[in-house]
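**Student:** Dropping the structure in here first, questions after.
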Amino acid sequence: MTQKFTKSSIIAASVVSSLLGLTGLFMASAAGPAPVDLLTAGNFVILSKTGITNIPTSAITGNLGTSPITGASITGLGCPEVTGTIYTVDAAGPACRVVSPTSLTTAVSDMEAAYTNAAGRTGPTATELGAGNIGGLTIAPGLYKWSTNVTIPTNVTLSGSASDVWIFQISGDLTIASAQQVVLAGGALASNVFWQVGGPTGATLGTTSTFKGTILSAKQVIMQTGAVLNGRALAQTQVTMDGNTVSVPVAPAPAPAPTPTPAPTPTPAPTPTPAPTPTPTPTPAPTPAPTPVVAPVVAPAPAPVVAPVPTPSLPNAGIPPEESDALWNTFMLMGALMLVSTSLVVVLKKRAI
């Protein structure tokens with residue numbers, strides 16, 4: 001059976017193939033679980049339910065707030081240390097505070113929902129990785145689960161692209177040793193890394209350590225002297241700081257929507273050039289047939305009327321009368337012949353003219 005492919009079917013097949021190719025590209029470019037939706041809690045770099053304490057001087061880039069505890073629970077933090085807004089539920093706290101109890105209540109609720117979301121993810125990529133010691137490892141995107149504490153005594157590397165996601169479910173406490181780092185490689189972003197910590201102490205960042213990602217702690221987030229956090233400290237109890245640098249992570253750029261291939265613009269049929277209107281050729285007036293020149297009919301000259309010549313009387317010369325009559329008749333006949341000849345010559349000459 002011979003198959004016929006129309007132009008429209010070929011175009012449709014090309015479009016479907018392109019869409020499948022784009023789908024495969026996007027699927028291949030995003031590894032690991034879906035990111036945790038922080039909702040309005042994502043508007044804060046530090047959020048606490050029971051207070052924020054600080055030993056100056058810290059450098060905070062982003063918003064921070066406490067709720068339901070009053071603004072008086074924010075201690076040791078001066079307004080110049082914050083590039084962002086300090087939110088409180090009342091008029092207590094730093095002089096630059098903004099009172100916004102409703103937004104804080106919503107943000108804390110979203111923080112708790114995000115913690116529950118991260119803790120409830122199923123289908124881990126690995127469980128009990130490194131028996132809880134992940135120092136020195138290079139970890140691919142995925143969901144990792146521990147029923148114990150997790151420690152980072154030496155640098156740990158998270159390697160993946162800007163769209164890849166890591167979620168760490170830790171039933172115990174999380175600790176990174178002094179001067180150690182969470183290293184992001186291959187374009188991985190701190191905004192796509194989530195540490196859910198359920199232990200009684202919470203998360204502790206050692207002196208001058210560098211940590212990456214959002215910490216969702218059921219208890220505290222403790223940042224020791226000089227520790228650096230590129231991420232968020234979202235604690236359901238308190239956050240303590242000591243000359244720390246905290247910055248909100250850069251959000252991943254949204255994946256560009258595939259640009260649809262425009263349908264080919266049909267080439268318009270050329271406008272036919274109208275044939276020039278022929279100039280009517282005037283019908284020539286018929287040339288009149290030449291009027292034949294009729295040669296004038298020359299009427300023959302009338303035969304001259306010859307007056308009868310009287311018959312002379314011949315003298316009687318002694319010729320008998322019968323001889324005399326015969327001779328006369330002869331003369332008369334000769335004269336008539338001469339007259340006829342002369343008339344014919346005249347007619348012939350006139351016609352010749």
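Naming works like this for the structure tokens: A, B, ... for the chains as they're shown, residue 1 at the start of each chain, ligands 1 onward in shown order.
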Could you give me, as number ranges by chain, each residue of stretch 28-126 of chain A that DSSP assigns to strand (DSSP E) when run on this structure's backbone?

**Tutor:** A: 44-48, 51-55, 59-61, 63-66, 74-75, 82-83, 86-88, 98-99, 126

**Student:** Considering only C-alpha atoms, return as a ChimeraX atom specification whatever protein or nucleic-acid residues lie within 8 Å of stretch 65-68 of chain A, sequence-local ones (same chain, fewer than 2 positions apart) excluded.

**Tutor:** /A:44,46-52,63,70-71,73-74,86-89,101,104-105,108

**Student:** Can you tell me, as a PyMOL selection string, what residues are no more than 8 Å from stretch 210-223 of chain A when counting only C-alpha atoms, ignoring any on the same chain fewer than 5 positions away?

**Tutor:** chain A and resi 111+114-115+176+179-184+190-205+228-242+244+249

**Student:** Would you put the residues from that selection into a file with C-alpha atoms, as a compact mmCIF listing (two decimals), in the first residue's frame?

**Tutor:**
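As written to disk, selection.txt reads:
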```txt
# COMPACT_ATOMS: atom_id res chain seq x y z
CA MET A 111 7.20 28.10 56.78
CA ALA A 114 7.11 24.00 53.69
CA TYR A 115 8.75 21.99 56.51
CA ILE A 176 28.88 21.58 59.55
CA ALA A 179 35.82 26.43 58.14
CA GLN A 180 34.14 23.77 56.00
CA GLN A 181 31.91 24.41 53.03
CA VAL A 182 28.94 23.20 51.08
CA VAL A 183 30.26 23.63 47.52
CA LEU A 184 27.94 24.04 44.55
CA ALA A 190 21.46 27.50 46.58
CA SER A 191 17.79 28.32 45.98
CA ASN A 192 17.28 24.72 44.85
CA VAL A 193 18.79 23.12 47.97
CA PHE A 194 16.56 22.33 51.00
CA TRP A 195 17.70 20.97 54.39
CA GLN A 196 14.81 19.71 56.53
CA VAL A 197 16.15 19.26 60.07
CA GLY A 198 14.00 17.65 62.75
CA GLY A 199 16.49 17.13 65.63
CA PRO A 200 16.18 18.62 69.13
CA THR A 201 18.96 21.14 68.56
CA GLY A 202 18.46 21.90 64.91
CA ALA A 203 21.14 23.14 62.52
CA THR A 204 24.55 24.42 63.62
CA LEU A 205 26.95 26.23 61.30
CA VAL A 228 28.31 32.48 56.13
CA LEU A 229 24.88 31.39 54.93
CA ASN A 230 23.84 31.76 51.31
CA GLY A 231 20.26 30.67 51.75
CA ARG A 232 17.58 31.02 54.42
CA ALA A 233 17.31 30.30 58.12
CA LEU A 234 13.65 29.40 58.74
CA ALA A 235 13.39 28.23 62.35
CA GLN A 236 10.35 27.19 64.34
CA THR A 237 12.13 28.33 67.49
CA GLN A 238 15.01 30.85 67.46
CA VAL A 239 17.88 31.99 65.28
CA THR A 240 21.19 33.01 66.86
CA MET A 241 23.93 34.95 65.07
CA ASP A 242 27.47 36.09 65.81
CA ASN A 244 27.55 36.42 60.35
CA PRO A 249 19.86 32.94 47.41
```

**Student:** For the helix (DSSP H, G or I) assignment from backbone DSSP, which residues of stretch 20-216 of chain A qualify? Please present them as a count of residues only.

**Tutor:** 47

**Student:** What gap, in Å, lies between atom CA of A:Gln224 and atom CA of A:Asn155?

**Tutor:**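 Result for atom CA of A:Gln224 versus atom CA of A:Asn155: 17.3 Å, one decimal.
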